[in-house]
$ cat upload18.cif   # mmCIF, C-alpha atoms
data_input
loop_
_atom_site.group_PDB
_atom_site.id
_atom_site.type_symbol
_atom_site.label_atom_id
_atom_site.label_comp_id
_atom_site.auth_asym_id
_atom_site.auth_seq_id
_atom_site.Cartn_x
_atom_site.Cartn_y
_atom_site.Cartn_z
ATOM 1 C CA MET J 10 5.370 -0.524 8.280
ATOM 2 C CA ARG J 11 4.133 -2.609 11.182
ATOM 3 C CA ASP J 12 4.349 -1.482 14.814
ATOM 4 C CA LEU J 13 5.259 -4.708 16.624
ATOM 5 C CA HIS J 14 4.014 -3.367 19.975
ATOM 6 C CA ASN J 15 0.402 -2.683 19.054
ATOM 7 C CA GLY J 16 0.068 -4.596 15.778
ATOM 8 C CA LYS J 17 -0.989 -1.612 13.664
ATOM 9 C CA ASP J 18 0.121 -1.211 10.056
ATOM 10 C CA ALA J 19 0.842 1.967 8.099
ATOM 11 C CA ARG J 20 1.864 2.850 4.569
ATOM 12 C CA VAL J 21 4.467 5.548 4.019
ATOM 13 C CA GLU J 22 5.845 6.715 0.691
ATOM 14 C CA LEU J 23 9.494 7.735 0.683
ATOM 15 C CA PRO J 24 11.151 10.124 0.275
ATOM 16 C CA ASN J 25 8.875 12.055 2.548
ATOM 17 C CA SER J 26 9.954 14.912 4.801
ATOM 18 C CA ASN J 27 6.710 14.557 6.767
ATOM 19 C CA TYR J 28 6.779 10.805 7.495
ATOM 20 C CA ILE J 29 7.260 11.282 11.265
ATOM 21 C CA ASN J 30 4.083 13.359 11.514
ATOM 22 C CA GLU J 31 2.157 10.901 9.345
ATOM 23 C CA LEU J 32 3.193 7.926 11.468
ATOM 24 C CA THR J 33 2.560 9.801 14.696
ATOM 25 C CA GLU J 34 -1.010 10.389 13.489
ATOM 26 C CA ILE J 35 -1.477 6.657 12.906
ATOM 27 C CA PHE J 36 0.427 5.150 15.852
ATOM 28 C CA GLY J 37 0.475 7.965 18.408
ATOM 29 C CA GLU J 38 3.450 9.699 20.001
ATOM 30 C CA GLU J 39 4.995 6.522 21.423
ATOM 31 C CA TRP J 40 5.596 4.758 18.060
ATOM 32 C CA ILE J 41 9.199 5.995 17.859
ATOM 33 C CA GLU J 42 10.055 4.219 21.122
ATOM 34 C CA HIS J 43 8.656 0.851 19.964
ATOM 35 C CA ASP J 44 10.035 -1.769 17.647
ATOM 36 C CA TYR J 45 8.708 -1.746 14.135
ATOM 37 C CA GLU J 46 9.280 -3.744 11.005
ATOM 38 C CA ILE J 47 9.162 -2.789 7.346
ATOM 39 C CA VAL J 48 6.995 -5.610 6.019
ATOM 40 C CA ASP J 49 6.557 -4.575 2.422
ATOM 41 C CA VAL J 50 8.606 -2.342 0.174
ATOM 42 C CA GLU J 51 7.375 -1.275 -3.232
ATOM 43 C CA ASP J 52 9.418 0.670 -5.701
ATOM 44 C CA GLU J 53 9.395 0.638 -9.465
ATOM 45 C CA LEU J 54 12.690 -1.219 -9.912
ATOM 46 C CA ASN J 55 12.605 -3.119 -6.594
ATOM 47 C CA ILE J 56 15.808 -1.330 -5.561
ATOM 48 C CA PHE J 57 14.991 -1.538 -1.854
ATOM 49 C CA SER J 58 14.367 -5.290 -2.145
ATOM 50 C CA ARG J 59 17.402 -5.905 -4.359
ATOM 51 C CA PHE J 60 19.671 -4.302 -1.761
ATOM 52 C CA ARG J 61 17.684 -5.855 1.124
ATOM 53 C CA LEU J 62 16.689 -2.485 2.572
ATOM 54 C CA TYR J 63 13.710 -3.552 4.632
ATOM 55 C CA GLY J 64 12.918 -5.362 7.851
ATOM 56 C CA PHE J 65 14.146 -3.476 10.888
ATOM 57 C CA GLU J 66 16.006 -0.695 9.047
ATOM 58 C CA SER J 67 15.737 2.845 10.341
ATOM 59 C CA LEU J 68 13.027 4.830 8.576
ATOM 60 C CA ASP J 69 15.314 7.824 8.676
ATOM 61 C CA LYS J 70 18.005 5.855 6.830
ATOM 62 C CA LEU J 71 15.491 4.592 4.270
ATOM 63 C CA ASN J 72 14.112 8.087 3.742
ATOM 64 C CA LYS J 73 17.618 9.521 3.197
ATOM 65 C CA LEU J 74 18.425 6.730 0.733
ATOM 66 C CA ALA J 75 15.171 7.371 -1.144
ATOM 67 C CA GLU J 76 16.063 11.077 -1.350
ATOM 68 C CA ARG J 77 19.561 10.259 -2.577
ATOM 69 C CA ILE J 78 18.221 7.832 -5.195
ATOM 70 C CA ASN J 79 15.807 10.501 -6.450
ATOM 71 C CA GLU J 80 18.614 13.062 -6.680
ATOM 72 C CA SER J 81 21.234 10.775 -8.230
ATOM 73 C CA CYS J 82 18.977 8.800 -10.541
ATOM 74 C CA SER J 83 16.653 11.413 -11.989
ATOM 75 C CA ASP J 84 16.525 10.020 -15.539
ATOM 76 C CA THR J 85 15.561 6.659 -17.039
ATOM 77 C CA HIS J 86 19.101 5.721 -18.080
ATOM 78 C CA THR J 87 20.577 6.331 -14.624
ATOM 79 C CA LEU J 88 17.777 4.286 -13.065
ATOM 80 C CA LYS J 89 18.753 1.451 -15.418
ATOM 81 C CA VAL J 90 22.365 1.852 -14.276
ATOM 82 C CA LEU J 91 21.170 1.536 -10.665
ATOM 83 C CA GLU J 92 19.038 -1.485 -11.512
ATOM 84 C CA SER J 93 21.944 -3.138 -13.363
ATOM 85 C CA ALA J 94 24.367 -2.369 -10.544
ATOM 86 C CA SER J 95 22.031 -4.126 -8.111
ATOM 87 C CA GLU J 96 22.801 -7.360 -9.992
ATOM 88 C CA VAL J 97 26.535 -6.919 -9.335
ATOM 89 C CA TYR J 98 27.000 -4.993 -6.066
ATOM 90 C CA SER J 99 25.511 -5.667 -2.637
ATOM 91 C CA GLY J 100 25.735 -2.197 -1.068
ATOM 92 C CA ILE J 101 23.455 0.647 -2.144
ATOM 93 C CA GLU J 102 25.785 3.325 -0.722
ATOM 94 C CA GLU J 103 28.705 2.044 -2.815
ATOM 95 C CA VAL J 104 26.550 2.002 -5.949
ATOM 96 C CA LEU J 105 25.259 5.534 -5.356
ATOM 97 C CA GLU J 106 28.841 6.764 -4.860
ATOM 98 C CA LEU J 107 29.862 5.128 -8.146
ATOM 99 C CA ILE J 108 26.867 6.649 -9.949
ATOM 100 C CA GLU J 109 27.465 10.096 -8.448
ATOM 101 C CA SER J 110 31.122 9.995 -9.534
ATOM 102 C CA ASP J 111 30.192 8.786 -13.053
ATOM 103 C CA ALA J 112 32.173 5.588 -12.461
ATOM 104 C CA LEU J 113 29.463 3.283 -13.851
ATOM 105 C CA VAL J 114 28.707 3.116 -17.564
ATOM 106 C CA LEU J 115 25.855 1.031 -18.929
ATOM 107 C CA TYR J 116 26.026 -0.089 -22.537
ATOM 108 C CA GLU J 117 22.326 -0.783 -22.931
ATOM 109 C CA ASN J 118 21.201 -3.834 -24.852
ATOM 110 C CA GLN J 119 24.741 -4.680 -25.945
ATOM 111 C CA GLU J 120 26.622 -7.905 -25.700
ATOM 112 C CA ILE J 121 30.352 -8.119 -25.261
ATOM 113 C CA ASP J 122 31.083 -8.748 -28.961
ATOM 114 C CA ASP J 123 29.143 -5.549 -29.804
ATOM 115 C CA LEU J 124 31.250 -3.666 -27.288
ATOM 116 C CA ALA J 125 34.477 -5.134 -28.722
ATOM 117 C CA GLU J 126 33.455 -4.036 -32.207
ATOM 118 C CA MET J 127 32.614 -0.546 -30.934
ATOM 119 C CA PHE J 128 36.048 -0.298 -29.269
ATOM 120 C CA VAL J 129 37.787 -1.334 -32.485
ATOM 121 C CA ASP J 130 35.729 1.176 -34.504
ATOM 122 C CA GLU J 131 36.590 3.946 -32.032
ATOM 123 C CA GLY J 132 40.304 3.169 -32.255
ATOM 124 C CA ALA J 133 40.784 1.798 -28.737
ATOM 125 C CA PHE J 134 43.354 -0.666 -30.094
ATOM 126 C CA GLY J 135 45.034 1.798 -32.404
ATOM 127 C CA GLU J 136 44.521 2.133 -36.105
ATOM 128 C CA ILE J 137 43.787 -1.195 -37.773
ATOM 129 C CA ASN J 138 44.219 -1.693 -41.488
ATOM 130 C CA GLU J 139 40.877 -2.100 -43.312
ATOM 131 C CA LYS J 140 41.998 -5.427 -44.778
ATOM 132 C CA LEU J 141 42.601 -6.855 -41.309
ATOM 133 C CA LEU J 142 39.224 -5.812 -39.856
ATOM 134 C CA MET J 143 37.398 -8.777 -41.379
ATOM 135 C CA TYR J 144 39.704 -11.178 -39.525
ATOM 136 C CA ILE J 145 38.968 -9.848 -36.059
ATOM 137 C CA ASP J 146 37.048 -12.280 -33.860
ATOM 138 C CA TYR J 147 34.925 -9.838 -31.847
ATOM 139 C CA GLU J 148 33.547 -12.587 -29.626
ATOM 140 C CA LYS J 149 37.029 -13.638 -28.485
ATOM 141 C CA LEU J 150 38.122 -10.026 -28.155
ATOM 142 C CA GLY J 151 35.019 -9.384 -26.058
ATOM 143 C CA ARG J 152 35.850 -12.281 -23.749
ATOM 144 C CA ASP J 153 39.328 -10.786 -23.256
ATOM 145 C CA ILE J 154 37.747 -7.441 -22.406
ATOM 146 C CA MET J 155 35.507 -9.166 -19.829
ATOM 147 C CA LEU J 156 38.571 -10.774 -18.230
ATOM 148 C CA GLU J 157 39.804 -7.314 -17.233
ATOM 149 C CA GLY J 158 37.269 -7.568 -14.431
ATOM 150 C CA ASN J 159 35.465 -4.268 -14.711
ATOM 151 C CA TYR J 160 32.690 -5.320 -17.130
ATOM 152 C CA TYR J 161 29.602 -7.157 -15.965
ATOM 153 C CA GLU J 162 26.773 -8.693 -17.933
ATOM 154 C CA THR J 163 23.347 -7.574 -16.678
ATOM 155 C CA LYS J 164 19.823 -7.928 -17.986
ATOM 156 C CA ASN J 165 19.982 -4.330 -19.291
ATOM 157 C CA GLY J 166 23.298 -4.747 -21.098
ATOM 158 C CA LEU J 167 26.955 -4.462 -20.113
ATOM 159 C CA LEU J 168 27.892 -2.507 -17.005
ATOM 160 C CA GLU J 169 31.396 -1.085 -16.768
ATOM 161 C CA GLU J 170 33.011 0.190 -13.603
ATOM 162 C CA VAL J 171 35.421 2.875 -14.805
ATOM 163 C CA ARG J 172 38.641 2.703 -12.817
#

$ encode --input "upload18.cif" --output "C-alpha coordinates"
Amino acid sequence: MRDLHNGKDARVELPNSNYINELTEIFGEEWIEHDYEIVDVEDELNIFSRFRLYGFESLDKLNKLAERINESCSDTHTLKVLESASEVYSGIEEVLELIESDALVLYENQEIDDLAEMFVDEGAFGEINEKLLMYIDYEKLGRDIMLEGNYYETKNGLLEEVR
(Lines of atoms letter the chains of each structure in order from A and count residues from 1; the text may use other names and numbers.)
(Lines give C-alpha, C1' and ligand atoms only; values in the text may rest on other atoms or scores of the structure.)
Protein backbone atom coordinates (compact mmCIF):
# COMPACT_ATOMS: atom_id res chain seq x y z
CA MET A 1 0.00 0.00 0.00
CA ARG A 2 1.23 3.49 -0.76
CA ASP A 3 0.17 6.57 1.21
CA LEU A 4 -0.19 9.21 -1.51
CA HIS A 5 0.13 12.07 1.00
CA ASN A 6 3.57 11.27 2.39
CA GLY A 7 4.88 8.78 -0.17
CA LYS A 8 5.49 5.94 2.28
CA ASP A 9 4.90 2.31 1.34
CA ALA A 10 3.74 -0.59 3.52
CA ARG A 11 3.11 -4.28 3.07
CA VAL A 12 0.05 -5.84 4.66
CA GLU A 13 -1.03 -9.47 4.42
CA LEU A 14 -4.77 -10.07 4.33
CA PRO A 15 -6.87 -11.33 5.94
CA ASN A 16 -5.54 -9.59 8.98
CA SER A 17 -7.63 -8.42 11.93
CA ASN A 18 -4.76 -6.20 13.06
CA TYR A 19 -4.01 -4.35 9.79
CA ILE A 20 -5.19 -0.96 11.14
CA ASN A 21 -2.70 -1.12 14.01
CA GLU A 22 0.09 -2.27 11.70
CA LEU A 23 -0.51 0.58 9.26
CA THR A 24 -0.88 3.11 12.05
CA GLU A 25 2.58 2.07 13.27
CA ILE A 26 4.04 2.70 9.81
CA PHE A 27 2.12 5.81 8.70
CA GLY A 28 0.98 7.36 11.98
CA GLU A 29 -2.55 8.10 13.17
CA GLU A 30 -3.47 10.31 10.20
CA TRP A 31 -3.07 7.62 7.49
CA ILE A 32 -6.79 6.77 7.55
CA GLU A 33 -7.69 10.34 6.58
CA HIS A 34 -5.34 10.39 3.56
CA ASP A 35 -5.64 8.90 0.12
CA TYR A 36 -3.82 5.67 -0.45
CA GLU A 37 -3.38 3.27 -3.31
CA ILE A 38 -2.92 -0.48 -3.41
CA VAL A 39 0.06 -0.70 -5.75
CA ASP A 40 0.80 -4.39 -5.67
CA VAL A 41 -1.35 -7.38 -4.82
CA GLU A 42 0.10 -10.84 -4.43
CA ASP A 43 -1.94 -13.94 -3.90
CA GLU A 44 -1.31 -17.49 -4.97
CA LEU A 45 -3.93 -17.60 -7.73
CA ASN A 46 -3.91 -13.86 -8.53
CA ILE A 47 -7.58 -13.69 -7.51
CA PHE A 48 -7.33 -10.05 -6.45
CA SER A 49 -5.77 -9.12 -9.80
CA ARG A 50 -8.16 -11.26 -11.83
CA PHE A 51 -11.14 -9.47 -10.28
CA ARG A 52 -9.32 -6.10 -10.35
CA LEU A 53 -9.43 -5.69 -6.58
CA TYR A 54 -6.65 -3.18 -6.15
CA GLY A 55 -5.96 0.50 -6.70
CA PHE A 56 -8.08 2.70 -4.47
CA GLU A 57 -10.25 -0.05 -2.95
CA SER A 58 -11.07 0.10 0.73
CA LEU A 59 -8.69 -1.97 2.84
CA ASP A 60 -11.63 -2.98 4.97
CA LYS A 61 -13.42 -4.33 1.89
CA LEU A 62 -10.30 -6.17 0.73
CA ASN A 63 -9.76 -7.65 4.19
CA LYS A 64 -13.37 -8.88 4.36
CA LEU A 65 -13.07 -10.42 0.89
CA ALA A 66 -9.81 -12.14 1.88
CA GLU A 67 -11.55 -13.55 4.98
CA ARG A 68 -14.49 -14.73 2.90
CA ILE A 69 -12.20 -16.36 0.33
CA ASN A 70 -10.35 -18.18 3.12
CA GLU A 71 -13.63 -19.41 4.61
CA SER A 72 -15.32 -20.38 1.34
CA CYS A 73 -12.31 -21.79 -0.47
CA SER A 74 -10.50 -23.78 2.19
CA ASP A 75 -9.47 -26.71 -0.04
CA THR A 76 -7.48 -27.02 -3.27
CA HIS A 77 -10.47 -27.99 -5.42
CA THR A 78 -12.58 -25.02 -4.32
CA LEU A 79 -9.65 -22.69 -4.98
CA LYS A 80 -9.51 -24.12 -8.51
CA VAL A 81 -13.24 -23.45 -8.84
CA LEU A 82 -12.60 -19.83 -7.80
CA GLU A 83 -9.68 -19.54 -10.21
CA SER A 84 -11.75 -21.01 -13.06
CA ALA A 85 -14.71 -18.76 -12.26
CA SER A 86 -12.43 -15.73 -12.54
CA GLU A 87 -12.07 -16.58 -16.25
CA VAL A 88 -15.85 -16.38 -16.72
CA TYR A 89 -17.29 -13.91 -14.18
CA SER A 90 -16.25 -10.34 -13.43
CA GLY A 91 -17.57 -9.94 -9.87
CA ILE A 92 -15.92 -11.66 -6.91
CA GLU A 93 -19.03 -11.32 -4.72
CA GLU A 94 -21.17 -13.14 -7.30
CA VAL A 95 -18.60 -15.93 -7.59
CA LEU A 96 -18.33 -16.35 -3.82
CA GLU A 97 -22.14 -16.54 -3.56
CA LEU A 98 -22.19 -19.23 -6.26
CA ILE A 99 -19.41 -21.18 -4.52
CA GLU A 100 -21.08 -20.87 -1.10
CA SER A 101 -24.37 -22.15 -2.53
CA ASP A 102 -22.63 -25.04 -4.35
CA ALA A 103 -23.83 -23.65 -7.68
CA LEU A 104 -20.45 -24.04 -9.42
CA VAL A 105 -19.09 -27.45 -10.38
CA LEU A 106 -15.63 -27.88 -11.87
CA TYR A 107 -14.95 -30.96 -13.94
CA GLU A 108 -11.18 -30.83 -13.64
CA ASN A 109 -9.04 -31.62 -16.66
CA GLN A 110 -12.04 -32.68 -18.74
CA GLU A 111 -13.09 -31.60 -22.16
CA ILE A 112 -16.67 -31.41 -23.29
CA ASP A 113 -16.62 -34.78 -25.10
CA ASP A 114 -15.42 -36.41 -21.84
CA LEU A 115 -18.30 -34.77 -20.01
CA ALA A 116 -20.80 -35.93 -22.67
CA GLU A 117 -19.54 -39.49 -22.33
CA MET A 118 -19.79 -39.30 -18.54
CA PHE A 119 -23.40 -38.07 -18.82
CA VAL A 120 -24.30 -40.93 -21.15
CA ASP A 121 -22.63 -43.46 -18.82
CA GLU A 122 -24.53 -42.04 -15.84
CA GLY A 123 -27.85 -42.30 -17.66
CA ALA A 124 -28.53 -38.58 -18.09
CA PHE A 125 -30.17 -39.31 -21.45
CA GLY A 126 -32.01 -42.39 -20.30
CA GLU A 127 -31.01 -45.96 -20.87
CA ILE A 128 -29.23 -46.46 -24.18
CA ASN A 129 -28.93 -49.86 -25.79
CA GLU A 130 -25.34 -51.20 -25.72
CA LYS A 131 -25.36 -51.65 -29.49
CA LEU A 132 -26.14 -47.97 -30.02
CA LEU A 133 -23.40 -46.65 -27.71
CA MET A 134 -20.68 -47.03 -30.33
CA TYR A 135 -22.59 -44.72 -32.68
CA ILE A 136 -22.76 -41.78 -30.29
CA ASP A 137 -20.68 -38.80 -31.38
CA TYR A 138 -19.57 -37.48 -27.98
CA GLU A 139 -17.93 -34.42 -29.50
CA LYS A 140 -21.18 -33.28 -31.14
CA LEU A 141 -23.17 -34.17 -28.04
CA GLY A 142 -20.69 -32.14 -25.99
CA ARG A 143 -21.14 -29.12 -28.25
CA ASP A 144 -24.91 -29.39 -27.73
CA ILE A 145 -24.36 -29.49 -23.97
CA MET A 146 -22.21 -26.34 -24.21
CA LEU A 147 -24.99 -24.57 -26.11
CA GLU A 148 -27.18 -24.79 -23.01
CA GLY A 149 -25.14 -21.85 -21.75
CA ASN A 150 -24.19 -23.00 -18.29
CA TYR A 151 -20.89 -24.75 -19.14
CA TYR A 152 -17.67 -22.83 -19.63
CA GLU A 153 -14.27 -24.00 -20.79
CA THR A 154 -11.47 -22.89 -18.44
CA LYS A 155 -7.81 -23.74 -18.13
CA ASN A 156 -8.64 -26.10 -15.23
CA GLY A 157 -11.42 -27.95 -17.05
CA LEU A 158 -15.14 -27.39 -17.55
CA LEU A 159 -17.02 -25.12 -15.16
CA GLU A 160 -20.75 -25.61 -14.78
CA GLU A 161 -23.12 -23.13 -13.19
CA VAL A 162 -25.89 -25.29 -11.74
CA ARG A 163 -29.24 -23.60 -12.26

$ atom_distance --input "upload18.cif" --atom1 "CA of Lys73 in chain J" --atom2 "CA of Glu102 in chain J"
11.0 Å

$ axis_aligned_box --input "upload18.cif" --around "range 130-141 of chain J" --padding-each-side "5 Å" --output "JSON"
{"center_x": 40.4, "center_y": -1.5, "center_z": -36.8, "size_x": 19.3, "size_y": 20.8, "size_z": 26.0}

$ resolve_selection --input "upload18.cif" --expression "the PyMOL selection byres ((chain J and resi 142-146) around 10)" --output "PyMOL selection string"
chain J and resi 122+125-126+129-130+137-141+147-151

$ resolve_selection --input "upload18.cif" --expression "the PyMOL selection byres ((chain J and resi 86) around 12)" --output "PyMOL selection string"
chain J and resi 81-85+87-93+108+113-118+165-166

$ closest_residue --input "upload18.cif" --among "J:Arg20, J:Ile29, J:Arg152, J:Leu107" --to "Ser67 in chain J" --atoms "only C-alpha atoms"
J:Ile29

$ atom_distance --input "upload18.cif" --atom1 "CA of Tyr160 in chain J" --atom2 "CA of Glu76 in chain J"
28.2 Å

$ atom_distance --input "upload18.cif" --atom1 "CA of Glu31 in chain J" --atom2 "CA of Arg59 in chain J"
26.5 Å

$ closest_residue --input "upload18.cif" --among "J:Glu162, J:Glu120, J:Glu106, J:Glu34" --to "Leu74 in chain J" --atoms "all atoms listed in the file"
J:Glu106

$ residues_around --input "upload18.cif" --residues "Ser26 in chain J" --least-positions-apart "2" --cutoff "12 Å" --atoms "all atoms listed in the file" --output "MDAnalysis selection string"
chainID J and resid 21:24 28:32 68:69 71:73 75:76

$ resolve_selection --input "upload18.cif" --expression "the PyMOL selection byres ((chain J and resi 100) around 12)" --output "list in words"
Ile56, Phe57, Ser58, Arg59, Phe60, Arg61, Leu62, Leu74, Leu91, Ala94, Ser95, Glu96, Val97, Tyr98, Ser99, Ile101, Glu102, Glu103, Val104, Leu105, Glu106 and Leu107 of chain J

$ write_last_selection --input "upload18.cif" --atoms "C-alpha atoms" --output "PDB file, in the coordinates of the input"
ATOM      1  CA  ILE J  56      15.808  -1.330  -5.561  1.00  0.00           C
ATOM      2  CA  PHE J  57      14.991  -1.538  -1.854  1.00  0.00           C
ATOM      3  CA  SER J  58      14.367  -5.290  -2.145  1.00  0.00           C
ATOM      4  CA  ARG J  59      17.402  -5.905  -4.359  1.00  0.00           C
ATOM      5  CA  PHE J  60      19.671  -4.302  -1.761  1.00  0.00           C
ATOM      6  CA  ARG J  61      17.684  -5.855   1.124  1.00  0.00           C
ATOM      7  CA  LEU J  62      16.689  -2.485   2.572  1.00  0.00           C
ATOM      8  CA  LEU J  74      18.425   6.730   0.733  1.00  0.00           C
ATOM      9  CA  LEU J  91      21.170   1.536 -10.665  1.00  0.00           C
ATOM     10  CA  ALA J  94      24.367  -2.369 -10.544  1.00  0.00           C
ATOM     11  CA  SER J  95      22.031  -4.126  -8.111  1.00  0.00           C
ATOM     12  CA  GLU J  96      22.801  -7.360  -9.992  1.00  0.00           C
ATOM     13  CA  VAL J  97      26.535  -6.919  -9.335  1.00  0.00           C
ATOM     14  CA  TYR J  98      27.000  -4.993  -6.066  1.00  0.00           C
ATOM     15  CA  SER J  99      25.511  -5.667  -2.637  1.00  0.00           C
ATOM     16  CA  ILE J 101      23.455   0.647  -2.144  1.00  0.00           C
ATOM     17  CA  GLU J 102      25.785   3.325  -0.722  1.00  0.00           C
ATOM     18  CA  GLU J 103      28.705   2.044  -2.815  1.00  0.00           C
ATOM     19  CA  VAL J 104      26.550   2.002  -5.949  1.00  0.00           C
ATOM     20  CA  LEU J 105      25.259   5.534  -5.356  1.00  0.00           C
ATOM     21  CA  GLU J 106      28.841   6.764  -4.860  1.00  0.00           C
ATOM     22  CA  LEU J 107      29.862   5.128  -8.146  1.00  0.00           C
TER      23      LEU J 107
END
